[in-house]
Structures are given as C-alpha cells and as structure tokens.
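Trainee: The structure that follows is given in the form of structure tokens.
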Amino acid sequence: LAVPPKVHFMMLGRADVTGCVEAMRGAFPGMPERTLAQFSADWRYDFKRSEAALIASLKWREETLPRAPGPEGSDGATAAARLFTHRGFDHAGRAVFLYHGSRFAPKKWSADAVMLGVVHTLEAGFAAADARDPDNDGTAVIILYLDRGSKLDMDLAKRFGRTIGAHYPGRAHKALIYPGTPLASRLWAVAKLFFSSEVREMVLLVKEKREGRATFATYLPEETLALLGIDAWHNAPWAAPEAVPLPAGRQAVDATATATATATA
C-alpha cells in the first residue's frame with residue numbers, strides 16, 4: 001500500500017523500523033520486501049538516507065548489469081570464471097562464493113572489468129539461491145582462499161567492500177578466510193578498514209590446522225565443500241598427500257554450473 005504524502009513526509013528521518021519500511025514500501029512500490037528491509041537496516045532505519053541509497057543502487061544496477069563481463073580471456077570473464085566463483089550453498093541454502101586470492105587476476109588488470117565479473121557472479125549465485133529456496137534470507141557466505149600462489153589484492157578488496165556495502169547491504173552472512181596465518185591476520189587488519197562494522201563482525205579467519213576443516217563443515221555441507229575443492233587445497237593440513245591444487249579455468253565454471261543445476265533440479 002502506498003503511504004499518504006503527509007505521512008510519508010512525517011516519517012522522513014525517523015529511527016523507527018516499521019515506519020521506515022512502510023515509507024520505503026510507498027516510495028518503491030513492487031520492490032521486494034527483503035530489499036526494502038536490507039536498505040532500511042543498513043541506514044539505521046533513517047528513511048531519507050535509505051531512500052537515497054536505494055535510488056543510487058537502482059541507477060547503478062540499470063547501468064551495470066546489462067554489461068557483459070567480456071569475451072573469454074578478458075579480465076571480466078576471467079574474474080567471473082576463476083577469480084570469484086559461485087560454489088553451491090550453505091546449510092541454510094545461502095549462496096556460497098569462493099574468492100581465490102588474486103592468483104587469477106592479470107598483473108595489469110582492468111579494475112572495472114574485474115569488478116564487473118565479480119558482480120555477475122554475485123547476481124548468478126543469489127539468483128540460484130532464490131530459485132532453490134525463495135524463502136532463503138538472501139545473504140551469502142564468502143570464502144577467501146589465499147594459497148601459496150596468491151595474496152589478498154588490497155585494491156580489489158577495497159572495491160569489493162565498497163560494492164557490497166553500497167549495492168548489497170546486509171547480504172554478507174559470513175566471510176571465512178583461509179589460511180588464518182599471522183600474515184592473513186595482518187592483511188585483514190588493513191582490509192577490514194574498508195568494511196562496515198557489521199561486515200567486520202562476520203569475518204572468521206580459519207586456522208591452518210586440521211581442525212580448520214571442521215570449522216568449514218560447521219558452516220557448509222559436504223557437497224559444497226566438494227565443490228570448493230577443500231580436500232585438494234594445496235598445503236591444507238587435512239588434505240591427502242596426493243592432493244592437487246584447486247581446479248581452475250573451465251573446470252571452475254563446470255563446478256559452478258553443476259552446483260546450480262543440482263540445486264535447481
């Protein structure tokens with residue numbers, strides 16, 4: 001139902017949960033309730049700021065989503081197929097994404113192209129979760145895997161944090177960083193400055209010990225751990241001696257497609 005203009009005006013800036021969401025519903029008729037609630041919560045139920053943020057995000061989506069990541073081999077396509085991929089779902093049906101350090105990012109990559117690939121992966125993963133369970137809470141689990149051949153690219157981390165904060169508020173359920181070494185802890189100490197306090201609280205550094213696998217299993221079912229390739233992660237203390245590095249390229253794309261097809265079948 002639309003909110004009468006007078007009531008709409010009176011609700012501007014009110015730190016009231018019900019009032020803000022009602023006002024947002026009136027300002028954006030037909031918008032999913034989950035989206036309205038997420039933007040309202042992200043801006044502490046200040047209607048004026050929530051409304052401005054959603055308007056800006058809708059404009060960004062209109063300009064960004066129709067653009068394809070690029071042809072095979074391009075920075076954007078590489079990011080969507082190898083650097084940041086959808087790898088199934090957690091115990092509650094949330095989308096699970098894997099960021100494989102910066103191993104698959106070209107040395108002189110186009111930041112905009114790579115982020116476009118990341119965005120398309122996010123959109124596909126969230127859509128798969130909704131198709132699997134329309135009542136899922138719309139959040140995601142993000143795995144950051146930093147093996148010996150990769151690192152956390154600080155520029156990409158900043159861009160990713162800004163994109164998530166501005167256009168996917170409230171959609172990060174948990175971020176698991178492996179391995180949780182002293183170096184990773186120091187990197188995270190810097191990277192977390194670009195995330196909101198809510199996001200910082202969701203981050204967990206998984207220790208580089210055999211118990212680390214149990215930590216992952218707490219959040220993810222075995223079929224998702226298989227899609228992540230966790231038992232073949234290079235140098236993982238729980239991996240078998242004959243384990244090989246995480247599949248890449250076409251195999252990574254196939255793993256994502258398998259996860260989506262299995263979930264929606």
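Chain labels run A, B, ... following the order of the structure tokens; each chain numbers its residues from 1, and ligands are numbered from 1 in the order shown.
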Output as a tab-separated table one row per residue of segment 117-182 of chain A within 12 Å of segment 230-237 of chain A: the closest atom pair and its distance in Å to one decimal place, counting only C-alpha atoms, sorted by chain and residue number ascending.

Mentor:
residue	atom	partner	partner_atom	distance
A:Ile143	CA	A:Ile230	CA	10.8
A:Tyr145	CA	A:Trp233	CA	9.0
A:Leu146	CA	A:Trp233	CA	10.0
A:Asp147	CA	A:His234	CA	6.8
A:Arg148	CA	A:His234	CA	7.8
A:Gly149	CA	A:His234	CA	9.5
A:Ser150	CA	A:His234	CA	11.5
A:Tyr178	CA	A:Ala236	CA	9.4
A:Pro179	CA	A:Ala236	CA	8.3
A:Gly180	CA	A:Ala236	CA	11.5

Trainee: Can you write just those residues out, N, CA, C and O atoms, as a tab-separated table (two decimals), in the first residue's frame?

Mentor:
chain	number	residue	atom	x	y	z
A	143	ILE	N	34.05	-17.30	0.84
A	143	ILE	CA	35.30	-17.95	1.23
A	143	ILE	C	36.45	-17.23	0.53
A	143	ILE	O	36.44	-17.08	-0.69
A	145	TYR	N	40.19	-17.77	-0.20
A	145	TYR	CA	41.24	-18.79	-0.16
A	145	TYR	C	42.55	-18.19	-0.63
A	145	TYR	O	42.69	-17.80	-1.79
A	146	LEU	N	43.51	-18.09	0.29
A	146	LEU	CA	44.80	-17.48	-0.02
A	146	LEU	C	45.88	-18.55	0.05
A	146	LEU	O	46.51	-18.75	1.09
A	147	ASP	N	46.08	-19.27	-1.05
A	147	ASP	CA	47.10	-20.32	-1.04
A	147	ASP	C	48.47	-19.73	-1.28
A	147	ASP	O	48.63	-18.52	-1.38
A	148	ARG	N	49.48	-20.59	-1.38
A	148	ARG	CA	50.86	-20.11	-1.50
A	148	ARG	C	51.09	-19.29	-2.76
A	148	ARG	O	52.04	-18.53	-2.84
A	149	GLY	N	50.24	-19.46	-3.76
A	149	GLY	CA	50.47	-18.76	-5.01
A	149	GLY	C	49.62	-17.52	-5.18
A	149	GLY	O	49.53	-16.96	-6.26
A	150	SER	N	48.94	-17.10	-4.12
A	150	SER	CA	48.07	-15.93	-4.26
A	150	SER	C	48.16	-15.06	-3.02
A	150	SER	O	48.76	-15.41	-2.01
A	178	TYR	N	40.90	-18.34	4.66
A	178	TYR	CA	41.84	-19.43	4.90
A	178	TYR	C	43.07	-19.26	4.02
A	178	TYR	O	42.95	-18.91	2.84
A	179	PRO	N	44.29	-19.50	4.57
A	179	PRO	CA	44.57	-19.89	5.96
A	179	PRO	C	44.65	-18.68	6.87
A	179	PRO	O	45.14	-17.61	6.47
A	180	GLY	N	44.21	-18.85	8.09
A	180	GLY	CA	44.25	-17.76	9.07
A	180	GLY	C	45.62	-17.65	9.72
A	180	GLY	O	45.76	-17.80	10.95

Trainee: I'd like the contact shell of segment 35-51 of chain A - 9 Å cut-off, only C-alpha atoms, skipping same-chain residues fewer than 2 positions apart - returned as a list in words.

Mentor: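 Neighbouring residues, sequence-local ones excluded: Met11, Leu12, Gly13, Arg14, Ala15, Asp16, Val17, Thr18, Gly19, Cys20, Val21, Ala23, Met24, Arg25, Ala27, Phe28, Met31, Pro32, Glu33, Ala53, Leu54, Ile55, Ala56, Gly165, His167, Tyr168, Pro169, Gly170 and Arg171 of chain A.
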
Trainee: Work out how far apart atom CA of Ala189 of chain A and atom CA of His173 of chain A are and give it in Å to one decimal.

Mentor: 19.4 Å

Trainee: Using only C-alpha atoms, can you tell me which of A:Arg210, A:His100, A:Lys59, A:Lys108 comes closest to Ala79 of chain A?

Mentor: A:His100

Trainee: Could you please write out, as a ChimeraX atom specification, every residue of segment 88-215 of chain A that DSSP assigns to strand (DSSP E or B)?

Mentor: /A:88-89,95-99,140-145,172-178,203-205

Trainee: Please, could you write that set of residues out with N, CA and C atoms as an mmCIF file, in the first residue's frame?

Mentor:
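What follows is the written file again-v3.cif:
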data_model
loop_
_atom_site.group_PDB
_atom_site.id
_atom_site.type_symbol
_atom_site.label_atom_id
_atom_site.label_comp_id
_atom_site.auth_asym_id
_atom_site.auth_seq_id
_atom_site.Cartn_x
_atom_site.Cartn_y
_atom_site.Cartn_z
ATOM 1 N N GLY A 88 28.003 -23.401 -4.755
ATOM 2 C CA GLY A 88 26.975 -24.117 -4.017
ATOM 3 C C GLY A 88 26.322 -23.296 -2.928
ATOM 4 N N PHE A 89 25.884 -24.002 -1.853
ATOM 5 C CA PHE A 89 25.065 -23.366 -0.828
ATOM 6 C C PHE A 89 25.462 -23.855 0.564
ATOM 7 N N ALA A 95 23.802 -18.726 -0.752
ATOM 8 C CA ALA A 95 24.820 -18.877 -1.792
ATOM 9 C C ALA A 95 26.206 -18.830 -1.162
ATOM 10 N N VAL A 96 27.116 -19.653 -1.686
ATOM 11 C CA VAL A 96 28.498 -19.680 -1.220
ATOM 12 C C VAL A 96 29.399 -19.275 -2.383
ATOM 13 N N PHE A 97 30.288 -18.317 -2.138
ATOM 14 C CA PHE A 97 31.195 -17.827 -3.170
ATOM 15 C C PHE A 97 32.642 -18.062 -2.746
ATOM 16 N N LEU A 98 33.497 -18.340 -3.714
ATOM 17 C CA LEU A 98 34.917 -18.547 -3.464
ATOM 18 C C LEU A 98 35.735 -17.479 -4.174
ATOM 19 N N TYR A 99 36.520 -16.734 -3.398
ATOM 20 C CA TYR A 99 37.476 -15.784 -3.958
ATOM 21 C C TYR A 99 38.850 -16.418 -3.819
ATOM 22 N N ALA A 140 24.826 -14.356 1.966
ATOM 23 C CA ALA A 140 25.791 -15.273 1.353
ATOM 24 C C ALA A 140 26.976 -15.528 2.266
ATOM 25 N N VAL A 141 27.647 -16.644 2.001
ATOM 26 C CA VAL A 141 28.901 -16.977 2.672
ATOM 27 C C VAL A 141 30.008 -16.809 1.640
ATOM 28 N N ILE A 142 31.048 -16.067 1.997
ATOM 29 C CA ILE A 142 32.157 -15.825 1.080
ATOM 30 C C ILE A 142 33.424 -16.458 1.643
ATOM 31 N N ILE A 143 34.055 -17.305 0.835
ATOM 32 C CA ILE A 143 35.302 -17.948 1.231
ATOM 33 C C ILE A 143 36.452 -17.233 0.533
ATOM 34 N N LEU A 144 37.432 -16.771 1.283
ATOM 35 C CA LEU A 144 38.622 -16.162 0.705
ATOM 36 C C LEU A 144 39.778 -17.141 0.900
ATOM 37 N N TYR A 145 40.190 -17.775 -0.197
ATOM 38 C CA TYR A 145 41.236 -18.792 -0.156
ATOM 39 C C TYR A 145 42.550 -18.188 -0.627
ATOM 40 N N ALA A 172 25.876 -10.110 3.378
ATOM 41 C CA ALA A 172 27.019 -10.938 3.763
ATOM 42 C C ALA A 172 26.712 -11.614 5.093
ATOM 43 N N HIS A 173 26.546 -12.918 5.069
ATOM 44 C CA HIS A 173 26.263 -13.665 6.297
ATOM 45 C C HIS A 173 27.556 -14.018 7.021
ATOM 46 N N LYS A 174 28.537 -14.508 6.277
ATOM 47 C CA LYS A 174 29.807 -14.903 6.881
ATOM 48 C C LYS A 174 30.901 -14.849 5.830
ATOM 49 N N ALA A 175 32.093 -14.447 6.240
ATOM 50 C CA ALA A 175 33.269 -14.471 5.367
ATOM 51 C C ALA A 175 34.332 -15.300 6.070
ATOM 52 N N LEU A 176 34.730 -16.398 5.439
ATOM 53 C CA LEU A 176 35.726 -17.292 6.011
ATOM 54 C C LEU A 176 37.033 -17.132 5.250
ATOM 55 N N ILE A 177 38.101 -16.763 5.945
ATOM 56 C CA ILE A 177 39.398 -16.552 5.322
ATOM 57 C C ILE A 177 40.334 -17.698 5.693
ATOM 58 N N TYR A 178 40.904 -18.339 4.657
ATOM 59 C CA TYR A 178 41.837 -19.435 4.901
ATOM 60 C C TYR A 178 43.074 -19.261 4.018
ATOM 61 N N VAL A 203 33.415 -11.751 9.797
ATOM 62 C CA VAL A 203 34.631 -12.370 9.261
ATOM 63 C C VAL A 203 35.252 -13.334 10.272
ATOM 64 N N LEU A 204 35.648 -14.492 9.763
ATOM 65 C CA LEU A 204 36.304 -15.507 10.588
ATOM 66 C C LEU A 204 37.556 -15.998 9.876
ATOM 67 N N LEU A 205 38.699 -15.922 10.533
ATOM 68 C CA LEU A 205 39.938 -16.456 9.983
ATOM 69 C C LEU A 205 40.047 -17.912 10.416
#

Trainee: For His91 of chain A, which of A:Ala166, A:Asn136, A:Phe160, A:Ala239 is the closest residue, counting only C-alpha atoms?

Mentor: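 Of the candidates, the smallest distance to His91 of chain A is held by A:Asn136.
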